[in-house]
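This is model32.csv (CSV, C-alpha atoms and all ligand atoms).
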```csv
chain,number,residue,atom,x,y,z
A,24,MET,CA,0.0,0.0,0.0
A,25,ALA,CA,1.6,3.3,-1.1
A,26,GLY,CA,0.6,6.6,0.5
A,27,LYS,CA,-2.6,7.2,2.3
A,28,VAL,CA,-5.0,4.4,3.2
A,29,LYS,CA,-7.9,4.6,0.7
A,30,VAL,CA,-11.1,4.0,2.5
A,31,ALA,CA,-14.6,3.3,1.0
A,32,VAL,CA,-17.5,4.0,3.3
A,33,VAL,CA,-20.6,1.8,2.7
A,34,GLY,CA,-24.0,3.0,4.2
A,35,LEU,CA,-24.4,6.7,4.5
A,36,GLY,CA,-26.9,7.2,7.3
A,37,PHE,CA,-24.7,6.9,10.4
A,38,GLY,CA,-21.8,6.2,8.0
A,39,ALA,CA,-21.7,9.8,6.8
A,40,GLU,CA,-20.2,10.7,10.2
A,41,PHE,CA,-17.0,9.0,9.2
A,42,VAL,CA,-16.5,10.6,5.7
A,43,PRO,CA,-15.0,13.8,7.0
A,44,LEU,CA,-12.8,11.9,9.5
A,45,TYR,CA,-11.2,9.8,6.7
A,46,GLN,CA,-10.9,13.0,4.6
A,47,LYS,CA,-9.0,14.9,7.4
A,48,HIS,CA,-7.0,12.0,8.9
A,49,PRO,CA,-3.3,12.6,7.8
A,50,ASP,CA,-2.9,8.9,6.9
A,51,ALA,CA,-6.2,8.3,5.1
A,52,GLU,CA,-8.5,9.5,2.4
A,53,CYS,CA,-12.1,8.9,1.7
A,54,TYR,CA,-11.7,7.3,-1.7
A,55,ALA,CA,-15.3,6.3,-2.4
A,56,ILE,CA,-18.8,6.1,-0.9
A,57,CYS,CA,-21.6,3.6,-1.4
A,58,GLN,CA,-25.2,3.3,-0.6
A,59,ARG,CA,-28.2,2.0,-2.5
A,60,ASN,CA,-30.3,5.1,-3.0
A,61,GLU,CA,-28.7,7.2,-5.7
A,62,GLU,CA,-30.3,10.5,-4.7
A,63,ASN,CA,-29.0,10.3,-1.1
A,64,LEU,CA,-25.6,9.0,-2.4
A,65,ASN,CA,-25.2,12.2,-4.5
A,66,LYS,CA,-26.4,14.4,-1.7
A,67,ILE,CA,-23.6,13.1,0.6
A,68,GLY,CA,-21.1,13.0,-2.3
A,69,ASP,CA,-21.8,16.6,-3.1
A,70,GLN,CA,-21.8,17.7,0.6
A,71,PHE,CA,-18.3,16.2,1.2
A,72,GLY,CA,-16.9,16.4,-2.3
A,73,VAL,CA,-16.4,12.7,-2.8
A,74,GLU,CA,-16.2,11.9,-6.6
A,75,ARG,CA,-16.3,8.1,-6.6
A,76,ARG,CA,-19.9,7.0,-5.9
A,77,PHE,CA,-21.4,3.5,-6.0
A,78,THR,CA,-24.8,2.0,-5.5
A,79,LYS,CA,-23.6,-1.6,-5.4
A,80,PHE,CA,-21.4,-2.9,-2.6
A,81,GLU,CA,-20.1,-5.7,-4.8
A,82,ASP,CA,-18.6,-3.2,-7.3
A,83,LEU,CA,-16.3,-1.8,-4.6
A,84,LEU,CA,-14.8,-5.2,-4.1
A,85,LYS,CA,-13.3,-5.2,-7.6
A,86,ILE,CA,-11.5,-1.9,-7.3
A,87,ASP,CA,-7.8,-2.6,-6.5
A,88,GLU,CA,-7.1,1.0,-5.4
A,89,ILE,CA,-9.5,0.6,-2.4
A,90,ASP,CA,-7.4,-0.6,0.7
A,91,ALA,CA,-10.2,-0.6,3.3
A,92,ILE,CA,-14.0,-0.7,3.5
A,93,HIS,CA,-15.9,0.7,6.4
A,94,ILE,CA,-19.4,-1.0,6.6
A,95,VAL,CA,-22.2,1.0,8.1
A,96,THR,CA,-25.2,-0.8,6.7
A,97,PRO,CA,-28.2,-2.4,8.7
A,98,PRO,CA,-27.2,-5.2,11.1
A,99,ALA,CA,-28.5,-8.1,9.0
A,100,GLU,CA,-25.8,-7.1,6.3
A,101,HIS,CA,-22.8,-6.7,8.6
A,102,ALA,CA,-21.3,-10.2,8.7
A,103,ARG,CA,-22.1,-11.0,5.0
A,104,MET,CA,-20.4,-7.8,3.8
A,105,ALA,CA,-17.5,-8.1,6.2
A,106,VAL,CA,-16.7,-11.6,5.0
A,107,LEU,CA,-17.0,-10.5,1.3
A,108,SER,CA,-14.8,-7.5,2.0
A,109,LEU,CA,-12.1,-9.6,3.9
A,110,ASN,CA,-12.2,-12.3,1.2
A,111,ALA,CA,-11.6,-9.5,-1.4
A,112,GLY,CA,-8.4,-8.6,0.5
A,113,LYS,CA,-9.8,-5.3,2.0
A,114,HIS,CA,-9.1,-4.2,5.5
A,115,THR,CA,-12.6,-4.1,7.0
A,116,ALA,CA,-14.2,-1.9,9.7
A,117,CYS,CA,-17.8,-2.6,10.6
A,118,THR,CA,-20.3,-0.8,12.8
A,119,VAL,CA,-21.8,-2.8,15.6
A,120,PRO,CA,-22.8,-5.6,16.0
A,121,THR,CA,-20.5,-8.1,14.2
A,122,GLY,CA,-23.4,-10.3,13.2
A,123,LEU,CA,-26.9,-11.4,14.3
A,124,ALA,CA,-26.1,-15.1,14.9
A,125,LYS,CA,-23.2,-17.0,16.5
A,126,GLU,CA,-22.4,-18.6,13.2
A,127,GLU,CA,-22.1,-15.2,11.5
A,128,CYS,CA,-19.6,-14.0,14.1
A,129,ILE,CA,-17.5,-17.1,13.7
A,130,GLU,CA,-17.5,-16.7,9.9
A,131,VAL,CA,-16.1,-13.2,10.3
A,132,VAL,CA,-13.3,-14.5,12.6
A,133,LYS,CA,-12.4,-17.2,10.1
A,134,ALA,CA,-12.4,-14.8,7.2
A,135,ARG,CA,-10.2,-12.3,9.1
A,136,ARG,CA,-7.7,-15.1,9.9
A,137,LYS,CA,-7.6,-16.4,6.3
A,138,SER,CA,-7.2,-12.9,4.8
A,139,GLY,CA,-4.7,-11.6,7.3
A,140,ARG,CA,-6.3,-8.2,6.9
A,141,VAL,CA,-7.4,-5.9,9.7
A,142,TYR,CA,-10.9,-6.2,11.0
A,143,MET,CA,-12.3,-3.8,13.5
A,144,MET,CA,-15.8,-3.6,15.0
A,145,MET,CA,-16.3,0.2,15.4
A,146,GLU,CA,-17.7,0.1,18.9
A,147,THR,CA,-18.3,3.7,19.9
A,148,ALA,CA,-18.8,2.9,23.6
A,149,VAL,CA,-15.1,2.0,24.2
A,150,TYR,CA,-13.9,5.4,22.8
A,151,THR,CA,-16.2,7.8,24.5
A,152,ARG,CA,-14.7,10.5,26.8
A,153,GLU,CA,-16.3,8.7,29.8
A,154,PHE,CA,-14.8,5.4,28.9
A,155,LEU,CA,-11.3,6.8,28.4
A,156,TYR,CA,-11.6,8.6,31.7
A,157,ALA,CA,-12.7,5.4,33.6
A,158,ARG,CA,-10.1,3.3,32.0
A,159,GLU,CA,-7.5,5.9,33.0
A,160,LEU,CA,-8.7,5.5,36.6
A,161,VAL,CA,-8.1,1.8,36.3
A,162,ASP,CA,-4.8,1.9,34.4
A,163,THR,CA,-3.2,4.4,36.8
A,164,GLY,CA,-4.2,2.3,39.8
A,165,LYS,CA,-6.5,5.0,41.3
A,166,LEU,CA,-9.5,2.8,41.3
A,167,GLY,CA,-7.7,-0.1,43.0
A,168,LYS,CA,-8.8,-3.6,42.2
A,169,ILE,CA,-12.0,-3.9,40.2
A,170,GLN,CA,-14.8,-5.7,42.1
A,171,PHE,CA,-17.8,-5.4,39.8
A,172,LEU,CA,-19.0,-3.8,36.6
A,173,ARG,CA,-22.5,-2.9,35.4
A,174,GLY,CA,-23.8,-1.6,32.1
A,175,SER,CA,-27.0,-0.6,30.5
A,176,HIS,CA,-28.4,0.5,27.2
A,177,GLN,CA,-31.9,1.8,27.4
A,178,GLN,CA,-33.6,3.2,24.4
A,179,ASN,CA,-37.2,3.6,23.3
A,180,MET,CA,-37.5,2.7,19.7
A,181,SER,CA,-41.3,2.3,19.9
A,182,LEU,CA,-41.6,5.7,18.3
A,183,PRO,CA,-42.2,6.0,14.6
A,184,GLY,CA,-39.5,7.0,12.2
A,185,TRP,CA,-36.9,4.2,12.5
A,186,PRO,CA,-36.0,1.9,9.6
A,187,ASP,CA,-38.5,-1.0,9.7
A,188,TYR,CA,-36.0,-3.7,10.7
A,189,TRP,CA,-35.6,-2.2,14.2
A,190,TYR,CA,-39.2,-2.8,15.3
A,191,GLY,CA,-39.2,-5.9,17.5
A,192,PHE,CA,-35.4,-6.3,17.4
A,193,PRO,CA,-34.3,-8.5,20.3
A,194,PRO,CA,-32.6,-6.1,22.8
A,195,MET,CA,-29.6,-8.3,23.5
A,196,HIS,CA,-28.9,-8.7,19.8
A,197,TYR,CA,-27.7,-5.1,20.0
A,198,ALA,CA,-26.0,-5.2,23.4
A,199,THR,CA,-22.4,-4.3,22.6
A,200,HIS,CA,-22.7,-0.6,23.7
A,201,ALA,CA,-23.7,-1.9,27.2
A,202,LEU,CA,-21.3,-4.9,27.3
A,203,SER,CA,-18.2,-3.6,25.8
A,204,PRO,CA,-17.1,-1.0,28.3
A,205,LEU,CA,-17.3,-3.6,31.0
A,206,LEU,CA,-15.3,-6.1,29.1
A,207,ALA,CA,-12.7,-3.6,27.8
A,208,ILE,CA,-12.1,-2.2,31.3
A,209,SER,CA,-11.9,-5.7,32.9
A,210,GLY,CA,-9.7,-6.9,30.0
A,211,ALA,CA,-11.6,-10.2,30.0
A,212,ALA,CA,-13.8,-12.1,27.6
A,213,VAL,CA,-17.2,-13.5,28.4
A,214,LYS,CA,-17.2,-17.2,29.2
A,215,SER,CA,-20.9,-17.8,29.8
A,216,VAL,CA,-24.1,-15.9,30.4
A,217,VAL,CA,-27.5,-16.3,32.1
A,218,CYS,CA,-30.3,-13.8,31.2
A,219,GLN,CA,-33.8,-13.2,32.3
A,220,GLY,CA,-36.5,-11.5,30.2
A,221,SER,CA,-38.9,-9.1,31.9
A,222,GLY,CA,-42.2,-7.6,30.8
A,223,THR,CA,-43.8,-7.9,27.4
A,224,ILE,CA,-43.8,-5.7,24.3
A,225,ARG,CA,-46.7,-5.1,22.0
A,226,GLU,CA,-47.8,-8.2,20.0
A,227,GLU,CA,-47.0,-6.7,16.5
A,228,TYR,CA,-43.4,-6.1,17.5
A,229,ALA,CA,-43.0,-9.3,19.5
A,230,GLU,CA,-44.0,-11.5,16.6
A,231,LYS,CA,-41.5,-10.0,14.1
A,232,TYR,CA,-38.4,-11.6,15.7
A,233,ASN,CA,-40.3,-13.9,18.2
A,234,SER,CA,-38.8,-11.7,20.9
A,235,PRO,CA,-41.4,-10.9,23.6
A,236,PHE,CA,-39.4,-9.2,26.4
A,237,ALA,CA,-39.4,-5.5,27.2
A,238,ILE,CA,-36.2,-5.8,29.2
A,239,GLU,CA,-33.4,-8.3,29.2
A,240,THR,CA,-31.0,-8.5,32.1
A,241,ALA,CA,-27.9,-10.7,31.9
A,242,LEU,CA,-25.2,-11.8,34.3
A,243,LEU,CA,-21.9,-12.5,32.5
A,244,ALA,CA,-19.2,-14.8,33.9
A,245,LEU,CA,-15.8,-13.8,32.6
A,246,ARG,CA,-13.0,-16.1,31.4
A,247,ASN,CA,-9.9,-16.3,33.7
A,248,SER,CA,-11.3,-13.6,36.0
A,249,ASP,CA,-13.0,-13.4,39.5
A,250,LEU,CA,-15.4,-10.8,38.1
A,251,SER,CA,-18.9,-11.0,36.9
A,252,CYS,CA,-20.9,-8.2,35.2
A,253,GLU,CA,-24.5,-7.2,34.9
A,254,VAL,CA,-26.1,-5.8,31.7
A,255,THR,CA,-29.5,-4.5,31.1
A,256,ARG,CA,-31.1,-3.7,27.7
A,257,SER,CA,-34.5,-2.3,26.7
A,258,LEU,CA,-35.8,-1.2,23.3
A,259,PHE,CA,-39.6,-1.0,23.3
A,260,ASP,CA,-42.5,-0.1,25.5
A,261,THR,CA,-40.4,1.0,28.5
A,262,ILE,CA,-40.0,4.6,29.3
A,263,ARG,CA,-36.7,6.1,30.3
A,264,GLN,CA,-34.5,8.9,29.0
A,265,TYR,CA,-31.9,7.4,26.5
A,266,ARG,CA,-28.9,6.0,28.2
A,267,GLU,CA,-25.8,4.0,27.4
A,268,SER,CA,-24.1,3.6,30.8
A,269,PHE,CA,-21.4,1.7,32.7
A,270,ASP,CA,-20.5,1.6,36.4
A,271,VAL,CA,-17.2,0.3,37.7
A,272,TYR,CA,-16.7,-0.5,41.4
A,273,GLY,CA,-13.2,-0.7,42.9
A,274,THR,CA,-11.4,-1.1,46.2
A,275,LYS,CA,-10.2,2.6,46.2
A,276,LEU,CA,-12.7,4.4,44.0
A,277,SER,CA,-15.9,3.7,42.1
A,278,PHE,CA,-17.2,5.3,38.9
A,279,GLU,CA,-21.0,5.6,38.3
A,280,TRP,CA,-22.7,6.9,35.2
A,281,GLU,CA,-24.9,10.0,35.5
A,282,GLN,CA,-28.6,9.5,36.3
A,283,ILE,CA,-29.9,12.3,34.0
A,284,ALA,CA,-28.1,13.2,30.8
A,285,GLY,CA,-25.8,16.2,31.3
A,286,GLU,CA,-25.3,15.9,35.1
A,287,GLY,CA,-21.9,14.2,34.7
A,288,PRO,CA,-20.7,11.0,36.2
A,289,VAL,CA,-19.9,10.5,39.9
A,290,VAL,CA,-16.7,9.2,41.4
A,291,TYR,CA,-17.0,7.8,44.9
A,292,SER,CA,-13.8,7.9,47.0
A,293,GLY,CA,-15.2,6.8,50.4
A,294,TYR,CA,-18.4,5.6,52.0
A,295,GLU,CA,-19.5,9.2,52.4
A,296,ASP,CA,-17.6,10.9,49.6
A,297,ALA,CA,-19.0,11.5,46.2
A,298,GLU,CA,-18.0,14.0,43.6
A,299,ARG,CA,-19.4,14.8,40.1
A,300,VAL,CA,-16.5,14.9,37.7
A,301,GLU,CA,-15.9,16.9,34.6
A,302,ILE,CA,-14.7,14.6,31.9
A,303,PRO,CA,-11.9,15.9,29.8
A,304,ASP,CA,-11.8,15.3,26.0
A,305,TYR,CA,-9.0,13.1,24.8
A,306,GLY,CA,-8.1,15.0,21.6
A,307,HIS,CA,-4.4,15.0,22.5
A,308,ARG,CA,-4.3,11.3,21.7
A,309,LEU,CA,-5.2,12.0,18.1
A,310,PRO,CA,-3.6,13.7,15.0
A,311,ARG,CA,-4.2,17.5,15.1
A,312,GLU,CA,-6.4,17.4,12.0
A,313,ILE,CA,-9.1,15.2,13.7
A,314,ALA,CA,-8.6,16.1,17.3
A,315,PRO,CA,-11.4,18.8,17.3
A,316,TYR,CA,-14.0,16.1,16.6
A,317,THR,CA,-13.6,14.8,20.2
A,318,ILE,CA,-15.5,17.8,21.4
A,319,HIS,CA,-19.2,18.4,20.6
A,320,GLY,CA,-18.5,21.1,18.0
A,321,VAL,CA,-15.6,22.4,15.9
A,322,TYR,CA,-14.4,25.9,16.3
A,323,ASP,CA,-14.3,27.8,13.0
A,324,GLU,CA,-11.6,30.4,13.4
A,325,GLU,CA,-12.6,32.4,10.3
A,326,HIS,CA,-16.2,32.9,11.4
A,327,GLU,CA,-15.4,32.8,15.1
A,328,HIS,CA,-18.1,30.3,16.1
A,329,THR,CA,-18.4,26.7,17.1
A,330,SER,CA,-20.5,24.5,14.8
A,331,PHE,CA,-21.8,21.1,15.6
A,332,VAL,CA,-20.7,19.0,12.7
A,333,GLN,CA,-20.9,15.4,11.5
A,334,GLY,CA,-18.1,13.4,12.9
A,335,ALA,CA,-18.3,14.5,16.6
A,336,GLY,CA,-21.0,12.3,18.0
A,337,HIS,CA,-21.2,9.4,20.6
A,338,GLY,CA,-19.0,11.0,23.3
A,339,GLY,CA,-16.3,12.1,20.9
A,340,SER,CA,-15.6,8.4,19.9
A,341,HIS,CA,-15.7,8.7,16.1
A,342,PRO,CA,-12.3,10.2,15.5
A,343,HIS,CA,-10.7,7.7,17.9
A,344,LEU,CA,-12.3,4.8,16.0
A,345,ALA,CA,-11.2,6.1,12.6
A,346,HIS,CA,-7.7,6.6,13.9
A,347,GLU,CA,-7.4,3.1,15.5
A,348,PHE,CA,-8.6,1.5,12.3
A,349,ILE,CA,-6.2,3.4,10.1
A,350,ARG,CA,-3.2,3.0,12.5
A,351,ALA,CA,-3.8,-0.7,12.8
A,352,ILE,CA,-3.6,-1.0,9.0
A,353,ILE,CA,-0.4,1.1,8.7
A,354,GLU,CA,1.3,-0.6,11.7
A,355,LYS,CA,0.3,-4.0,10.3
A,356,ARG,CA,-1.3,-5.1,13.6
A,357,GLU,CA,-4.7,-6.2,14.9
A,358,SER,CA,-7.1,-3.4,15.8
A,359,TYR,CA,-8.1,-3.1,19.4
A,360,VAL,CA,-11.6,-4.4,18.7
A,361,ASP,CA,-10.4,-7.2,16.4
A,362,ALA,CA,-12.5,-10.0,15.1
A,363,GLU,CA,-12.2,-12.3,18.1
A,364,ARG,CA,-13.0,-9.6,20.6
A,365,ALA,CA,-15.8,-8.3,18.4
A,366,ALA,CA,-17.2,-11.8,18.1
A,367,ASN,CA,-17.1,-12.4,21.9
A,368,TRP,CA,-18.8,-9.1,22.7
A,369,THR,CA,-21.5,-9.7,20.0
A,370,MET,CA,-22.0,-13.4,20.8
A,371,ALA,CA,-22.4,-12.6,24.5
A,372,GLY,CA,-25.5,-10.6,23.6
A,373,ILE,CA,-26.8,-13.3,21.2
A,374,CYS,CA,-26.3,-16.0,23.8
A,375,ALA,CA,-28.0,-13.7,26.5
A,376,HIS,CA,-31.1,-13.5,24.3
A,377,GLU,CA,-31.0,-17.3,23.8
A,378,SER,CA,-30.8,-17.7,27.6
A,379,ALA,CA,-33.7,-15.4,28.2
A,380,LEU,CA,-35.8,-17.4,25.7
A,381,LYS,CA,-34.8,-20.6,27.6
A,382,GLY,CA,-35.9,-19.2,30.9
A,383,GLY,CA,-32.5,-18.3,32.2
A,384,GLU,CA,-30.4,-21.3,31.1
A,385,ARG,CA,-26.6,-20.8,31.3
A,386,ILE,CA,-25.2,-20.5,27.8
A,387,GLU,CA,-21.5,-20.9,27.0
A,388,ILE,CA,-20.0,-18.4,24.5
A,389,PRO,CA,-18.4,-20.4,21.6
A,390,LEU,CA,-14.6,-20.0,21.1
A,391,PRO,CA,-14.2,-19.2,17.4
B,401,LIG,N1,-23.2,4.1,18.2
B,401,LIG,C1,-23.1,3.3,17.1
B,401,LIG,O1,-22.1,2.5,17.1
B,401,LIG,C2,-24.1,3.3,16.1
B,401,LIG,C3,-25.0,4.4,16.0
B,401,LIG,C4,-25.9,4.5,14.9
B,401,LIG,C5,-26.0,3.4,14.0
B,401,LIG,N2,-25.2,2.4,14.2
B,401,LIG,C6,-25.2,1.2,13.3
B,401,LIG,O2,-25.0,1.7,11.9
B,401,LIG,C7,-25.8,0.9,11.0
B,401,LIG,C8,-26.5,1.8,10.1
B,401,LIG,O3,-27.4,2.6,10.9
B,401,LIG,P1,-28.2,3.7,10.1
B,401,LIG,O4,-29.1,4.4,11.2
B,401,LIG,O5,-27.4,4.6,9.3
B,401,LIG,O6,-29.2,2.8,9.2
B,401,LIG,P2,-30.1,3.2,8.0
B,401,LIG,O7,-30.9,2.0,7.7
B,401,LIG,O8,-30.7,4.5,8.2
B,401,LIG,O9,-29.0,3.3,6.8
B,401,LIG,C9,-28.4,2.2,6.2
B,401,LIG,C10,-27.5,2.7,5.1
B,401,LIG,O10,-26.9,1.5,4.5
B,401,LIG,C11,-27.2,1.5,3.1
B,401,LIG,N3,-27.3,0.1,2.6
B,401,LIG,C12,-28.2,-0.8,3.1
B,401,LIG,N4,-28.0,-2.0,2.4
B,401,LIG,C13,-27.0,-1.7,1.5
B,401,LIG,C14,-26.4,-2.5,0.5
B,401,LIG,N5,-26.7,-3.8,0.3
B,401,LIG,N6,-25.4,-1.9,-0.2
B,401,LIG,C15,-25.0,-0.7,0.0
B,401,LIG,N7,-25.6,0.1,0.9
B,401,LIG,C16,-26.6,-0.4,1.7
B,401,LIG,C17,-28.4,2.3,2.9
B,401,LIG,O11,-28.5,2.8,1.6
B,401,LIG,C18,-28.2,3.4,4.0
B,401,LIG,O12,-27.4,4.4,3.4
B,401,LIG,C19,-26.7,0.0,11.9
B,401,LIG,O13,-26.2,-1.3,11.9
B,401,LIG,C20,-26.6,0.6,13.2
B,401,LIG,O14,-26.7,-0.4,14.2
B,401,LIG,C21,-24.2,2.3,15.2
```

Please, can you express the file's structure as structure tokens?
Amino acid sequence: MAGKVKVAVVGLGFGAEFVPLYQKHPDAECYAICQRNEENLNKIGDQFGVERRFTKFEDLLKIDEIDAIHIVTPPAEHARMAVLSLNAGKHTACTVPTGLAKEECIEVVKARRKSGRVYMMMETAVYTREFLYARELVDTGKLGKIQFLRGSHQQNMSLPGWPDYWYGFPPMHYATHALSPLLAISGAAVKSVVCQGSGTIREEYAEKYNSPFAIETALLALRNSDLSCEVTRSLFDTIRQYRESFDVYGTKLSFEWEQIAGEGPVVYSGYEDAERVEIPDYGHRLPREIAPYTIHGVYDEEHEHTSFVQGAGHGGSHPHLAHEFIRAIIEKRESYVDAERAANWTMAGICAHESALKGGERIEIPLP
């Protein structure tokens, strides 16, 4: 590979967030974009000035100049496209989850091993400001020994306006935002899971995926670790402000996510002592050109105002994700969320849903 890593972004809803990041990253370029609807394709192409535009994913695979493909299509397409991309010799990034079945996740791991190319699941929850802060508390020894971790992802997708495939989606089939901070901070993989379903969603949603529960709550046993974690997911017919949260309890400090958005997380340093903390942004870890995307907006010096632009969402995680993917390719190493880790995180959710449907039976996570 000579010069910059040439990336094609496929799927331009959420995927459009990453176009400016590859354009600005000093080691990358956004070489091409792809999505099915030509009108929207041209809109994004014109907005960001990307010339090479495709409506068929398969056409990208034949273009030798493309080094890497970043897949941001609906979940049912992730594993199929990732396997095709890896088999075509492309480094492959894919939004969460890795797949929707255990077999799909294992296929991705096999394709990654066979191709020798980089695979990265682009998990926003392990690059947010809050995550980087909590991991720093652990890495610097300030938190002491970890004793327990808890995560949640509560969203109400009952409302109209989402793409059709979401309605009735099993909550634990999209659990990586709640699971991954716990697993990344503990440094352990999931060994087995038990999960209970609670409540019931409306009939017309429940029958779509044969998934009846309003809430699914799982207990994860970790491999080679004395820790277990608790994870809660809800998607329909349960009211709460949106939240993707994690809590970490240690022997010296504990970190808890905010109750109401905007309050800020709390660090506990004693039985009586609690302090809301202001989380720094972690732009200093990134190249200067994309560092501003770790904050909510980008300051425009010429017009002297801060604008909220595409590329700066999900706790400032997007530029870190793009950077890790590109650096893994250049440094010829595995990405942090490589295929095996991605498969474990994704399969833990898939197995949790299976457990809930079987009334809480313990399910072992396959080793791919
Ligand atoms: N925090 C996060 O990590 C996060 C946030 C939002 C979305 N996502 C994930 O990103 C994915 C996309 O979400 P979205 O909201 O943009 O979905 P969407 O359904 O609105 O958009 C999907 C895009 O993929 C394109 N597409 C679908 N099938 C295609 C095909 N066969 N070939 C080429 N293009 C195809 C569509 O044209 C569209 O541009 C989902 O899997 C979602 O879970 C992750």

Cut-off 6 Å, all atoms listed in the file, neighbours of ligand LIG 401 (chain B) as a short mmCIF file (atom, residue, chain, number, x, y, z; two decimals) with C-alpha atoms, in the frame of the given file:
```cif
data_model
loop_
_atom_site.label_atom_id
_atom_site.label_comp_id
_atom_site.auth_asym_id
_atom_site.auth_seq_id
_atom_site.Cartn_x
_atom_site.Cartn_y
_atom_site.Cartn_z
CA VAL A 33 -20.60 1.80 2.70
CA GLY A 34 -24.00 3.00 4.20
CA LEU A 35 -24.40 6.70 4.50
CA GLY A 36 -26.90 7.20 7.30
CA PHE A 37 -24.70 6.90 10.40
CA GLY A 38 -21.80 6.20 8.00
CA CYS A 57 -21.60 3.60 -1.40
CA GLN A 58 -25.20 3.30 -0.60
CA ARG A 59 -28.20 2.00 -2.50
CA ASN A 60 -30.30 5.10 -3.00
CA LYS A 79 -23.60 -1.60 -5.40
CA PHE A 80 -21.40 -2.90 -2.60
CA VAL A 95 -22.20 1.00 8.10
CA THR A 96 -25.20 -0.80 6.70
CA PRO A 97 -28.20 -2.40 8.70
CA PRO A 98 -27.20 -5.20 11.10
CA THR A 118 -20.30 -0.80 12.80
CA VAL A 119 -21.80 -2.80 15.60
CA GLU A 146 -17.70 0.10 18.90
CA THR A 147 -18.30 3.70 19.90
CA PRO A 186 -36.00 1.90 9.60
#
```

Just checking: using all atoms listed in the file, which residue out of A:Ile318, A:Leu245, A:Ala229, A:Ala297 ends up closest to Tyr190 of chain A?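 The shortest atom-to-atom distance to Tyr190 of chain A comes from A:Ala229.
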
Could you tell me which of A:Leu344, A:Cys374, A:Leu166, A:Leu242 comes closest to Tyr291 of chain A if we count all atoms listed in the file? A:Leu166

Just give me the gap between atom CA of Ile238 of chain A and atom CA of Gly222 of chain A in Å, one decimal is fine.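 Pair atom CA of Ile238 of chain A / atom CA of Gly222 of chain A returns 6.5 Å.
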
Polymer residues at most 10 Å from His48 of chain A, all atoms listed in the file, same-chain spacing of 2 or more positions, as a PyMOL selection string: chain A and resi 27-28+43-46+50-53+309-314+342+345-346+349

Atom CA of Met195 of chain A and atom CA of Ala284 of chain A are how many Å apart?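 Interatomic distance here is 22.8 Å.
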
For atom CA of Gly122 of chain A and atom CA of Lys214 of chain A, quote the distance in Å rounded to one decimal. 18.5 Å

Could segment 82-91 of chain A be written out with N, CA, C and O atoms, as an mmCIF file, in the first residue's frame, please?
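Final file, decode.cif:
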```cif
data_model
loop_
_atom_site.group_PDB
_atom_site.id
_atom_site.type_symbol
_atom_site.label_atom_id
_atom_site.label_comp_id
_atom_site.auth_asym_id
_atom_site.auth_seq_id
_atom_site.Cartn_x
_atom_site.Cartn_y
_atom_site.Cartn_z
ATOM 1 N N ASP A 82 -19.498 -3.871 -6.358
ATOM 2 C CA ASP A 82 -18.608 -3.174 -7.298
ATOM 3 C C ASP A 82 -17.349 -2.649 -6.614
ATOM 4 O O ASP A 82 -16.289 -2.561 -7.229
ATOM 5 N N LEU A 83 -17.470 -2.319 -5.332
ATOM 6 C CA LEU A 83 -16.302 -1.809 -4.602
ATOM 7 C C LEU A 83 -15.217 -2.869 -4.479
ATOM 8 O O LEU A 83 -14.031 -2.567 -4.475
ATOM 9 N N LEU A 84 -15.684 -4.120 -4.332
ATOM 10 C CA LEU A 84 -14.750 -5.216 -4.054
ATOM 11 C C LEU A 84 -13.770 -5.441 -5.208
ATOM 12 O O LEU A 84 -12.685 -5.975 -5.017
ATOM 13 N N LYS A 85 -14.179 -4.994 -6.403
ATOM 14 C CA LYS A 85 -13.339 -5.243 -7.596
ATOM 15 C C LYS A 85 -12.317 -4.139 -7.814
ATOM 16 O O LYS A 85 -11.505 -4.233 -8.731
ATOM 17 N N ILE A 86 -12.370 -3.091 -7.009
ATOM 18 C CA ILE A 86 -11.480 -1.943 -7.267
ATOM 19 C C ILE A 86 -10.185 -2.087 -6.465
ATOM 20 O O ILE A 86 -10.189 -1.999 -5.239
ATOM 21 N N ASP A 87 -9.098 -2.319 -7.179
ATOM 22 C CA ASP A 87 -7.818 -2.599 -6.518
ATOM 23 C C ASP A 87 -7.341 -1.436 -5.653
ATOM 24 O O ASP A 87 -6.691 -1.645 -4.630
ATOM 25 N N GLU A 88 -7.620 -0.223 -6.090
ATOM 26 C CA GLU A 88 -7.112 0.960 -5.366
ATOM 27 C C GLU A 88 -7.679 1.050 -3.950
ATOM 28 O O GLU A 88 -7.094 1.692 -3.081
ATOM 29 N N ILE A 89 -8.839 0.457 -3.719
ATOM 30 C CA ILE A 89 -9.455 0.561 -2.384
ATOM 31 C C ILE A 89 -8.728 -0.374 -1.422
ATOM 32 O O ILE A 89 -8.657 -1.579 -1.636
ATOM 33 N N ASP A 90 -8.154 0.209 -0.354
ATOM 34 C CA ASP A 90 -7.434 -0.590 0.651
ATOM 35 C C ASP A 90 -8.376 -1.091 1.733
ATOM 36 O O ASP A 90 -8.153 -2.163 2.310
ATOM 37 N N ALA A 91 -9.384 -0.281 2.069
ATOM 38 C CA ALA A 91 -10.185 -0.578 3.261
ATOM 39 C C ALA A 91 -11.641 -0.219 3.013
ATOM 40 O O ALA A 91 -11.950 0.749 2.301
#
```
